[in-house]
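Trainee: Below you will find the structure I want to go over with you.
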Amino acid sequence: MIKSKILKTVSMLLVLVMIVTAFTACGNSSSKSNSNNAKTSNNTAEKITLQFWTISLRPKFDNYFNDLFAKYKKLHPNVEIKWTDLPYDAIQNKLVASTAGNDVPDVVNLNTDMALQLAAKGALVDLNKEATDEQKSIYIKTLWESTKIKDGIYAFPWYGAPSVMIYNKALFEKAGMNPPKTYDDVFQMAKEFKDKTGAYLYVPDYFHNEAYWGYGINILNEDKTKAAFNTPDTLALLEKFKEYYQNDIFPLDAEGNWTKMLQLYSTGKLGLINSGAQSLSRIKDEAPDIYKNTDITQPLVGKSGVIDNPIMDLVVMQKSQHHKEAIDFANFVTNDENQLEFAKEAKVFPSTIKASQDSYFKSDTSTLEGKAISIAADFLSKSTDKTLGVPNSGDITSELIKETDEAFHGQKTPKQALDDAEKNVNQMLSG
């Protein structure tokens, strides 16, 4: 699935509880896993089947994956790959059913938040322990560490969609402005832009993301055991955001809502969006006149120095009977050569160092799409998945969104919202 990140719903969390319960009930000791791995390594001719699950990639990429499996088969004649592709929601229920029947897949495509939640419950293989140094060395560091919990790493990063700035040239010409480069620029320009054009300059992401990525405010402390966001700097920033929302300089009910951002942009009511290059095709189809007035430049950059790059991952399930082979296959799918080929097929971006530097990403700057790909490629090494790096990040972000939204709507003071959020987040982290 070429996706934008979405928050986990209550139903998703319930599904995860069921998955974890199934793992606990069935049980799986590391000694059993090591025993099976030893058996396989001592008998390389043993015929095995690896179950490989992906999210929403069929039938569009059938040819790519069939060729990929054939290449792997040549290298490993004794390994069969059984490929199952499922919709995003269905893969959760399918995992529940498979674990209840003690027939888990070996390699699974998950997003980072779900991988972190399963990793914390012991459901995933720690690749820092079981993958080789060579297997671990090929990935962009910030993306490799997206699923880090303490000293463990629980997924091979796969493909992503780093943001670029898509902006309406006509609106900026009317305002007599150039596009902003930093989050501070946005605050300085937003009111004047609205006064001169009648359009919003920018729709902010959720406040905690803006605070961290734009202004370097830590959400959690270094060891991720307590909230760190309730500071005078955060309060001042939250009060500034509230002022802009209350005065309609930022649109109050569009915060963090990619669909609303795109609707506003496509109707000429928004100056810019920070989004993946794939958004251009939708603008072109739904708003051709706006597309004609669209240009691309670098994404907004804040004090953190990195940009958003929501990625998909490949994990190896702890209950797999073939850890070594599953790790090898997941690493094969996500290696330089195969990631680059998939990036060309799917118009996404690789997570490996070498593939991200390939000349392909600079081969076409004559079109908006090619320009977007070229600019995004420049920022791949400075990109990371916007995750808090804790198993219950979905619950924590939901709490932060709820409290700050109440402040923006005048239901709480900014100070009360931060105090309540700090208290509740600390309870979640200690639970």
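Following the order of the structure tokens, first chain is A, next is B, and so on, with residues numbered from 1 inside each chain and ligands from 1 in the order they appear.
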Report as a list in words: the residues of range 187-382 of chain A with a DSSP assignment of strand (DSSP E), based on the backbone of this structure.

Mentor: Leu272, Ile273, Asn274, Ser275, Gly276, Thr294, Asp295, Ile296, Thr297, Ile307, Asp308, Ile311, Met312, Asp313, Leu314, Val315 and Val316 of chain A

Trainee: Kindly save the residues from that selection, with C-alpha atoms included, as a short mmCIF file (atom, residue, chain, number, x, y, z; two decimals), in the first residue's frame.

Mentor:
```cif
data_model
loop_
_atom_site.label_atom_id
_atom_site.label_comp_id
_atom_site.auth_asym_id
_atom_site.auth_seq_id
_atom_site.Cartn_x
_atom_site.Cartn_y
_atom_site.Cartn_z
CA LEU A 272 0.99 24.76 0.00
CA ILE A 273 1.01 21.21 1.23
CA ASN A 274 3.89 19.11 2.49
CA SER A 275 3.18 15.72 0.98
CA GLY A 276 4.62 12.80 -0.93
CA THR A 294 1.56 24.08 -9.18
CA ASP A 295 5.28 23.90 -8.60
CA ILE A 296 7.59 21.90 -6.32
CA THR A 297 10.32 22.89 -3.91
CA ILE A 307 11.67 15.45 7.29
CA ASP A 308 8.76 13.06 7.49
CA ILE A 311 7.62 3.91 5.61
CA MET A 312 6.45 0.34 5.33
CA ASP A 313 8.51 -2.41 6.95
CA LEU A 314 9.15 -6.13 6.71
CA VAL A 315 9.17 -8.02 10.01
CA VAL A 316 10.01 -11.61 10.87
#
```

Trainee: Identify, with DSSP run on backbone atoms, the residues in range 137-258 of chain A assigned to alpha helix (DSSP H), and express the list as a ChimeraX atom specification.

Mentor: /A:141-144,169-175,183-197,207-209,215,232-246,258

Trainee: Leaving out range 399-408 of chain A and any residue of its chain fewer than 2 positions from it, which residues lie within 10 Å of it when counting only C-alpha atoms, given as a ChimeraX atom specification?

Mentor: /A:206-209,219,238-239,241-246,252-253,255-256,393-397,410-422,424-425,428

Trainee: Store the residues picked out above, limited to C-alpha atoms, as a PDB file, in the first residue's frame.

Mentor:
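In the end it all went to selection_26.pdb:
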```pdb
ATOM      1  CA  TYR A 206      -0.870  17.611  14.610  1.00  0.00           C
ATOM      2  CA  PHE A 207       0.665  19.879  17.219  1.00  0.00           C
ATOM      3  CA  HIS A 208       3.067  17.349  18.746  1.00  0.00           C
ATOM      4  CA  ASN A 209       4.563  16.714  15.298  1.00  0.00           C
ATOM      5  CA  ILE A 219       7.900  14.732  23.295  1.00  0.00           C
ATOM      6  CA  LEU A 238       0.702  26.124  21.828  1.00  0.00           C
ATOM      7  CA  GLU A 239      -0.644  29.586  22.671  1.00  0.00           C
ATOM      8  CA  PHE A 241      -1.072  28.038  17.458  1.00  0.00           C
ATOM      9  CA  LYS A 242      -4.305  28.677  19.346  1.00  0.00           C
ATOM     10  CA  GLU A 243      -4.189  32.352  18.363  1.00  0.00           C
ATOM     11  CA  TYR A 244      -3.776  31.456  14.691  1.00  0.00           C
ATOM     12  CA  TYR A 245      -6.579  28.886  14.800  1.00  0.00           C
ATOM     13  CA  GLN A 246      -8.957  31.184  16.666  1.00  0.00           C
ATOM     14  CA  LEU A 252      -9.293  25.066  12.728  1.00  0.00           C
ATOM     15  CA  ASP A 253     -10.783  21.734  11.704  1.00  0.00           C
ATOM     16  CA  GLU A 255      -5.232  20.080  11.522  1.00  0.00           C
ATOM     17  CA  GLY A 256      -3.369  16.904  10.605  1.00  0.00           C
ATOM     18  CA  SER A 393       2.729   5.454  20.507  1.00  0.00           C
ATOM     19  CA  GLY A 394      -0.779   5.355  19.014  1.00  0.00           C
ATOM     20  CA  ASP A 395      -2.377   5.848  22.424  1.00  0.00           C
ATOM     21  CA  ILE A 396       0.066   8.617  23.323  1.00  0.00           C
ATOM     22  CA  THR A 397      -0.420  10.549  20.099  1.00  0.00           C
ATOM     23  CA  GLY A 410     -11.279  26.926  23.775  1.00  0.00           C
ATOM     24  CA  GLN A 411     -12.432  24.008  25.936  1.00  0.00           C
ATOM     25  CA  LYS A 412      -9.243  24.181  28.028  1.00  0.00           C
ATOM     26  CA  THR A 413      -6.474  26.676  28.493  1.00  0.00           C
ATOM     27  CA  PRO A 414      -3.219  25.693  26.792  1.00  0.00           C
ATOM     28  CA  LYS A 415      -1.626  25.251  30.226  1.00  0.00           C
ATOM     29  CA  GLN A 416      -4.385  22.916  31.429  1.00  0.00           C
ATOM     30  CA  ALA A 417      -4.189  20.927  28.193  1.00  0.00           C
ATOM     31  CA  LEU A 418      -0.440  20.406  28.588  1.00  0.00           C
ATOM     32  CA  ASP A 419      -0.771  19.504  32.272  1.00  0.00           C
ATOM     33  CA  ASP A 420      -3.497  16.954  31.558  1.00  0.00           C
ATOM     34  CA  ALA A 421      -1.613  15.505  28.613  1.00  0.00           C
ATOM     35  CA  GLU A 422       1.568  15.160  30.672  1.00  0.00           C
ATOM     36  CA  ASN A 424      -2.038  10.943  31.127  1.00  0.00           C
ATOM     37  CA  VAL A 425       1.014  10.212  29.001  1.00  0.00           C
ATOM     38  CA  MET A 428       0.550   5.280  29.835  1.00  0.00           C
TER      39      MET A 428
END
```

Trainee: Per residue of range 204-289 of chain A within 12 Å of range 156-180 of chain A, note the shortest atom pair and the distance in Å to one decimal, counting only C-alpha atoms, and order the rows by chain and increasing residue number, as CSV.

Mentor:
```
residue,atom,partner,partner_atom,distance
A:Met261,CA,A:Ile166,CA,11.4
A:Leu262,CA,A:Ile166,CA,10.4
A:Leu264,CA,A:Asn168,CA,11.4
A:Tyr265,CA,A:Asn168,CA,8.0
A:Ser266,CA,A:Asn168,CA,9.5
A:Thr267,CA,A:Asn168,CA,10.7
A:Gly268,CA,A:Asn168,CA,7.8
A:Lys269,CA,A:Leu171,CA,9.0
A:Leu270,CA,A:Asn168,CA,7.8
A:Gly271,CA,A:Asn168,CA,5.4
A:Leu272,CA,A:Tyr167,CA,4.2
A:Ile273,CA,A:Ile166,CA,5.4
A:Asn274,CA,A:Met165,CA,4.6
A:Ser275,CA,A:Ser163,CA,4.5
A:Gly276,CA,A:Ser163,CA,4.5
A:Ala277,CA,A:Val164,CA,6.7
A:Gln278,CA,A:Ala161,CA,8.0
A:Ser279,CA,A:Ile166,CA,8.8
A:Leu280,CA,A:Ile166,CA,8.1
A:Ser281,CA,A:Ile166,CA,11.9
A:Ile283,CA,A:Ile166,CA,10.2
A:Ala287,CA,A:Asn168,CA,11.9
A:Asp289,CA,A:Asn168,CA,10.6
```

Trainee: May I have the residues within 12 Å of Phe61 in chain A as a PyMOL selection string, using only C-alpha atoms and disregarding those fewer than 2 positions away in the same chain?

Mentor: chain A and resi 1-2+54-59+63-68+85+341-347

Trainee: Any idea what's packed within 12 Å of Pro77 in chain A, counting only C-alpha atoms, ignoring anything in its chain fewer than 3 positions away? Could you give it as a list in words?

Mentor: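 In the requested form, the answer reads Thr44, Ala45, Glu46, Lys47, Ile48, Thr49, Phe69, Ala70, Lys71, Tyr72, Lys73, Lys74, Glu80 and Ile81 of chain A.
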
Trainee: Keeping only C-alpha atoms, take the residues you just selected and write them out as a PDB file, in the first residue's frame.

Mentor:
```
ATOM      1  CA  THR A  44      20.457 -26.897   3.516  1.00  0.00           C
ATOM      2  CA  ALA A  45      18.678 -29.267   1.132  1.00  0.00           C
ATOM      3  CA  GLU A  46      15.607 -29.380   3.379  1.00  0.00           C
ATOM      4  CA  LYS A  47      12.548 -28.101   1.503  1.00  0.00           C
ATOM      5  CA  ILE A  48      10.840 -25.263   3.339  1.00  0.00           C
ATOM      6  CA  THR A  49       8.054 -22.819   2.590  1.00  0.00           C
ATOM      7  CA  PHE A  69      10.465 -14.832  -6.222  1.00  0.00           C
ATOM      8  CA  ALA A  70      12.026 -16.462  -9.280  1.00  0.00           C
ATOM      9  CA  LYS A  71      15.341 -14.679  -8.581  1.00  0.00           C
ATOM     10  CA  TYR A  72      15.252 -15.816  -4.983  1.00  0.00           C
ATOM     11  CA  LYS A  73      14.433 -19.376  -6.010  1.00  0.00           C
ATOM     12  CA  LYS A  74      17.567 -19.519  -8.164  1.00  0.00           C
ATOM     13  CA  GLU A  80       9.325 -21.862  -1.713  1.00  0.00           C
ATOM     14  CA  ILE A  81       7.631 -18.501  -1.199  1.00  0.00           C
TER      15      ILE A  81
END
```

Trainee: Which of these, A:Phe349, A:Tyr154, A:Tyr139, A:Phe229, has the shortest distance to Asp126 in chain A once you count only C-alpha atoms?

Mentor: A:Tyr154

Trainee: I need the residue nearest Ala115 in chain A from this list: A:Asn335, A:Asn247, A:Gln92, A:Asn230. Use only C-alpha atoms for the distance.

Mentor: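 Checking each of A:Asn335, A:Asn247, A:Gln92, A:Asn230 against Ala115 in chain A, counting only C-alpha atoms, the winner is A:Gln92.
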
Trainee: What lies within 12 Å of Asp223 in chain A using only C-alpha atoms, ignoring chain neighbours under 4 positions off, as an MDAnalysis selection string?

Mentor: chainID A and resid 148:151 218:219 227:228 388:390 429

Trainee: Please indicate the distance in Å from CA of Ala199 in chain A to CA of Tyr291 in chain A, rounded to one decimal place.

Mentor: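 Going from CA of Ala199 in chain A over to CA of Tyr291 in chain A covers 16.4 Å.
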